[in-house]
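For reference, the structure is listed below as structure tokens.
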Amino acid sequence: MKKVNAKIALLGVLSLLTFGSLTTSCSKDNDNSEVVPKGSNYKITVTLSNVNQDRDYVSVVVAGGTSAGKNDVWKVNGVVKTGESAIGLSKTDFIGGTKTYVIETTQPIQAFSGGVQIINYGEDLPVNYKIEVDGTVKVSENPTLSGDGANLTKQYSF
């Protein structure tokens with residue numbers, strides 16, 4: 001019974017959001033003089049080389065979209081992720097041979113949100129986390145997390 005109620009609530013919220021966006025975006029006063037920002041290209045590089053699968057916690061998430069509402073604009077290590085509106089990496093992604101991930105937009109986007117949370121409970125864990133916007137480094141985090149719950153927890157929006 002809880003699933004039916006949750007579905008009804010979700011449908012109601014989505015209906016309200018759709019109705020709200022239709023009523024606020026359609027206006028007789030619109031003279032089409034609104035300038036849509038051109039957007040920016042983003043590149044996020046994450047390197048973790050000493051993740052302990054049994055003890056550490058890793059969460060790297062990015063999302064964004066264009067003014068036209070397109071949000072599947074990502075590629076990871078050169079592979080386009082069609083249909084994926086957000087990219088998430090966890091500790092299992094860094095356990096194998098790949099220690100560095102490069103997440104990039106496939107086209108300019110107007111909205112970006114990214115979060116990183118890495119908590120270390122084992123041996124020292126060097127972290128390299130960088131966000132570039134149109135080729136300019138905006139964020140560069142390079143701590144070494146030294147166990148006992150040492151963490152890097154940040155949220156970024158551009």
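Naming works like this for the structure tokens: A, B, ... for the chains as they're shown, residue 1 at the start of each chain, ligands 1 onward in shown order.
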Pick out the residues sitting within 10 Å of Asn77 (chain A), and hand them over as a list in words; count only C-alpha atoms, and ignore anything fewer than 6 positions along from it in its own chain. Thr45, Thr98, Thr100, Tyr101, Val102, Ile103 and Glu104 of chain A
Just want the 8 Å neighbourhood of Glu84 (chain A), counted on only C-alpha atoms, with same-chain residues fewer than 6 positions away dropped. Output as number ranges by chain. A: 71-74
Export of the given selection (all heavy atoms) as an mmCIF file, in the first residue's frame:
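Dumped everything to out.cif:
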data_model
loop_
_atom_site.group_PDB
_atom_site.id
_atom_site.type_symbol
_atom_site.label_atom_id
_atom_site.label_comp_id
_atom_site.auth_asym_id
_atom_site.auth_seq_id
_atom_site.Cartn_x
_atom_site.Cartn_y
_atom_site.Cartn_z
ATOM 1 N N ASN A 71 19.736 16.967 -20.210
ATOM 2 C CA ASN A 71 20.623 16.723 -19.086
ATOM 3 C C ASN A 71 21.479 15.465 -19.234
ATOM 4 O O ASN A 71 22.234 15.133 -18.346
ATOM 5 C CB ASN A 71 19.849 16.688 -17.762
ATOM 6 C CG ASN A 71 18.744 15.660 -17.765
ATOM 7 O OD1 ASN A 71 18.657 14.815 -18.634
ATOM 8 N ND2 ASN A 71 17.881 15.736 -16.776
ATOM 9 N N ASP A 72 21.380 14.766 -20.353
ATOM 10 C CA ASP A 72 22.274 13.626 -20.578
ATOM 11 C C ASP A 72 23.429 14.103 -21.464
ATOM 12 O O ASP A 72 23.528 13.780 -22.633
ATOM 13 C CB ASP A 72 21.545 12.422 -21.171
ATOM 14 C CG ASP A 72 20.930 12.687 -22.532
ATOM 15 O OD1 ASP A 72 20.701 13.866 -22.878
ATOM 16 O OD2 ASP A 72 20.684 11.716 -23.270
ATOM 17 N N VAL A 73 24.301 14.883 -20.852
ATOM 18 C CA VAL A 73 25.357 15.601 -21.571
ATOM 19 C C VAL A 73 26.750 15.180 -21.113
ATOM 20 O O VAL A 73 27.683 15.966 -21.181
ATOM 21 C CB VAL A 73 25.187 17.122 -21.378
ATOM 22 C CG1 VAL A 73 23.906 17.620 -22.014
ATOM 23 C CG2 VAL A 73 25.219 17.495 -19.895
ATOM 24 N N TRP A 74 26.907 13.940 -20.661
ATOM 25 C CA TRP A 74 28.137 13.530 -20.015
ATOM 26 C C TRP A 74 28.899 12.461 -20.776
ATOM 27 O O TRP A 74 28.327 11.620 -21.454
ATOM 28 C CB TRP A 74 27.824 12.993 -18.609
ATOM 29 C CG TRP A 74 27.124 14.002 -17.781
ATOM 30 C CD1 TRP A 74 25.798 14.032 -17.462
ATOM 31 C CD2 TRP A 74 27.703 15.161 -17.191
ATOM 32 N NE1 TRP A 74 25.528 15.140 -16.703
ATOM 33 C CE2 TRP A 74 26.678 15.849 -16.523
ATOM 34 C CE3 TRP A 74 28.986 15.695 -17.158
ATOM 35 C CZ2 TRP A 74 26.894 17.029 -15.824
ATOM 36 C CZ3 TRP A 74 29.208 16.870 -16.455
ATOM 37 C CH2 TRP A 74 28.161 17.524 -15.803
#
As a VMD selection string, which residues of region 65-151 of chain A does DSSP assign to strand (DSSP E or B)? chain A and resid 65 74 to 76 79 to 80 86 to 90 100 to 105 109 111 to 120 125 to 133 136 to 141 144 to 145 150 to 151
Provide the CA of Asp148 (chain A) to CA of Ile119 (chain A) distance in Å, to one decimal place.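 Computing the Euclidean distance for CA of Asp148 (chain A) and CA of Ile119 (chain A) yields 8.8 Å.
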Quick one: residues within 8 Å of Pro143 (chain A), only C-alpha atoms counted, chain neighbours fewer than 5 positions away excluded, as a ChimeraX atom specification? /A:126-128,152
Store the residues picked out above in a file with N, CA and C atoms, as a CSV table (one decimal), in the first residue's frame.
chain,number,residue,atom,x,y,z
A,126,PRO,N,45.6,9.7,-0.7
A,126,PRO,CA,45.8,10.9,-1.5
A,126,PRO,C,44.6,11.2,-2.4
A,127,VAL,N,44.1,12.4,-2.4
A,127,VAL,CA,42.9,12.8,-3.3
A,127,VAL,C,43.3,13.9,-4.2
A,128,ASN,N,43.0,13.7,-5.5
A,128,ASN,CA,43.1,14.8,-6.4
A,128,ASN,C,41.8,15.0,-7.1
A,152,LEU,N,37.0,14.5,2.9
A,152,LEU,CA,36.8,15.6,2.0
A,152,LEU,C,35.3,15.6,1.6
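Comparing the minimum interatomic distances between Lys91 (chain A) and each of A:Asn52, A:Gln107, A:Thr47, A:Thr144, counting only C-alpha atoms, we find that A:Asn52 sits nearest.
Taking CA of Asp93 (chain A) as the reference point, CA of Gln110 (chain A) is found at 28.0 Å.
The smallest atom-to-atom distance between Val80 (chain A) and any of A:Thr105, A:Val116, A:Asp134, A:Ser157, using only C-alpha atoms, is found for A:Thr105.
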